[in-house]
Amino acid sequence: MITNVRAITSYDLSGIPTGMTERHEDWRVPINAPHVLIAGASGSGKSTTGRSILARICQLDVVLILLDPKRVEYALFRRRAAEFAVEPSEVVECLLRVDAEMNKRYAEMERASVTSWQHLEKVPLPILIAVEELAEFTPMARDTDAKAVSLLLNRFARLGRGAGIFMLASVQYPEAQTVSSQLRANMGYIICHRVRTKIESDVVFGPGAASLGIDAAALPASPAGLALIRDAHGFVRRVRADYFSEEDIGDIVDRCLHLGKLDLGGSSESG
Ligand SMILES: Nc1ncnc2c1ncn2[C@@H]1O[C@H](COP(=O)(O)OP(=O)(O)O)[C@@H](O)[C@H]1O
Ligand SMILES: [Mg+2]
């Protein structure tokens with residue numbers, strides 16, 4: 001039974017109900033910001049926050065592309081996903097299909113002389129690419145497939161928005177070796193859970209932020225899952241995601257299997 005969750009009332013991607021702020025206001029995540037990064041140390045609450053966002057998104061007519069190198073956290077949503085990929089080679093193939101879809105959308109937009117996917121006569125479904133651990137796909141990766149994934153993710157970060165393609169990615173620590181500066185520059189909304197040091201926090205909030213009190217290393221471990229966000233007005237708030245159990249997610253997925261249907265030409269069962 002889901003008791004702690006507010007209802008989604010619209011298809012507005014600019015405010016996905018995700019949890020609460022410390023002032024007991026609704027915390028809504030703009031998933032089209034254009035891309036969302038969830039940072040935080042191991043055990044700080046990244047997967048829980050990602051699951052909360054996905055649990056709400058999967059109730060909307062949004063295509064889900066799930067990249068889960070750990071095979072666990074996002075696998076709960078697998079039946080609802082258009083694509084679910086684990087190994088870097090699978091992920092490359094899957095993202096190339098999404099890339100073909102993006103190119104198709106841009107070609108249609110060009111033919112129709114419009115600049116946004118939302119202005120096409122037949123508006124295509126928005127696509128959310130959720131990456132459970134960005135560190136598996138770094139620009140420095142030795143594995144050529146992992147490196148190719150990193151390049152493709154950069155491409156969606158730059159070009160996805162205009163075609164209705166958005167990203168939700170989590171990472172322990174968004175240092176330059178893991179998150180390229182280009183990717184980072186396009187992550188318009190960052191959710192920062194507890195990190196290990198002030199230095200790590202400053203990587204997220206800017207040099208000197210921690211000394212001004214904006215310090216994700218100072219977040220208490222209890223209650224679990226606290227995070228800092230900077231809202232559209234530049235205010236920093238403490239937030240906490242709603243908790244969805246595996247059972248809750250199973251129930252939601254069962255109800256939402258008809259949503260987000262888009263055939264990208266691959267097989268949705270990839271293992
Ligand atoms: N928002 C939350 N509400 C309740 N419990 C949470 C929340 N966030 C995290 N937790 C607890 O903390 C544990 C670790 O969180 P998790 O999301 O797995 O962290 P990470 O993915 O960063 O390693 C979860 O299993 C859960 O028990
Ligand atoms: Mg996790």
# chains A, B, ... in the order shown; residues from 1 in each chain; ligands from 1

$ residues_near_ligand --ligand "ligand 1" --cutoff "6 Å" --atoms "only C-alpha atoms and all ligand atoms" --output "list of chain:residue names"
A:Gly40, A:Ala41, A:Ser42, A:Gly43, A:Ser44, A:Gly45, A:Lys46, A:Ser47, A:Thr48, A:Ala224, A:Gly225, A:Arg240, A:Ala241, A:Asp242, A:Tyr243

$ write_last_selection --atoms "C-alpha atoms" --output "CSV table (one decimal), in the first residue's frame"
chain,number,residue,atom,x,y,z
A,40,GLY,CA,26.0,11.1,-3.4
A,41,ALA,CA,28.2,8.6,-1.6
A,42,SER,CA,27.4,4.9,-1.5
A,43,GLY,CA,24.3,4.4,0.8
A,44,SER,CA,23.3,8.1,0.7
A,45,GLY,CA,20.0,7.5,-1.1
A,46,LYS,CA,20.6,7.9,-4.8
A,47,SER,CA,18.8,4.7,-5.9
A,48,THR,CA,15.9,5.5,-3.6
A,224,ALA,CA,18.3,8.3,5.5
A,225,GLY,CA,18.1,9.8,2.1
A,240,ARG,CA,14.0,13.8,0.9
A,241,ALA,CA,12.4,11.4,-1.6
A,242,ASP,CA,9.3,9.3,-1.0
A,243,TYR,CA,10.2,5.7,-0.4

$ select_by_dssp --residues "segment 4-129 of chain A" --states "strand (DSSP E or B)" --output "NGL selection string"
:A and (16-21 or 26-29 or 35-39 or 63-67 or 83-85 or 127-129)

$ residues_around --residues "Glu25 of chain A" --least-positions-apart "4" --cutoff "12 Å" --atoms "only C-alpha atoms" --output "list in words"
Arg6, Pro17, Thr18, Gly19, Met20, Thr21, Arg237, Arg238, Val239, Arg240 and Ala241 of chain A

$ closest_residue --among "A:Leu226, A:Leu212, A:Leu262, A:Ile249" --to "Glu73 of chain A" --atoms "only C-alpha atoms"
A:Ile249

$ atom_distance --atom1 "atom CA of Leu219 of chain A" --atom2 "atom CA of Pro207 of chain A"
17.9 Å

$ closest_residue --among "A:Ile16, A:Met102, A:Val91, A:Met187" --to "Leu37 of chain A" --atoms "only C-alpha atoms"
A:Met187

$ residues_around --residues "Glu87 of chain A" --least-positions-apart "4" --cutoff "12 Å" --atoms "only C-alpha atoms" --output "PyMOL selection string"
chain A and resi 66-71+91-94+136-137+143+145-146+149+270-271

$ write_last_selection --atoms "C-alpha atoms" --output "CSV table (one decimal), in the first residue's frame"
chain,number,residue,atom,x,y,z
A,66,LEU,CA,16.9,2.0,-18.5
A,67,LEU,CA,20.7,1.5,-18.2
A,68,ASP,CA,21.4,-0.4,-15.1
A,69,PRO,CA,25.0,-1.8,-14.9
A,70,LYS,CA,24.2,-3.2,-11.5
A,71,ARG,CA,21.1,-5.0,-12.8
A,91,VAL,CA,24.0,-0.2,-23.9
A,92,VAL,CA,25.8,1.0,-27.0
A,93,GLU,CA,23.3,-0.8,-29.3
A,94,CYS,CA,20.3,0.5,-27.3
A,136,GLU,CA,30.5,2.7,-15.4
A,137,PHE,CA,30.6,4.8,-18.5
A,143,ASP,CA,36.5,-0.6,-22.5
A,145,ASP,CA,32.0,0.2,-25.5
A,146,ALA,CA,31.9,2.1,-22.2
A,149,VAL,CA,28.4,5.0,-24.2
A,270,SER,CA,17.8,-8.2,-23.7
A,271,GLY,CA,18.9,-11.1,-21.5

$ select_by_dssp --residues "segment 54-183 of chain A" --states "helix (DSSP H, G or I)" --output "PyMOL selection string"
chain A and resi 54-57+74-80+88-112+117-119+134-137+144-159+161-163+181-183

$ atom_distance --atom1 "atom CA of Asp99 of chain A" --atom2 "atom CA of Leu264 of chain A"
9.8 Å

$ residues_around --residues "Trp117 of chain A" --least-positions-apart "3" --cutoff "10 Å" --atoms "only C-alpha atoms" --output "list in words"
Met102, Arg105, Tyr106, Glu108, Met109, Val114, Leu120, Glu121, Lys122, Val123, Pro124, Leu125, Pro126, Arg161, Gly162, Ala163, Gly164 and Ile165 of chain A
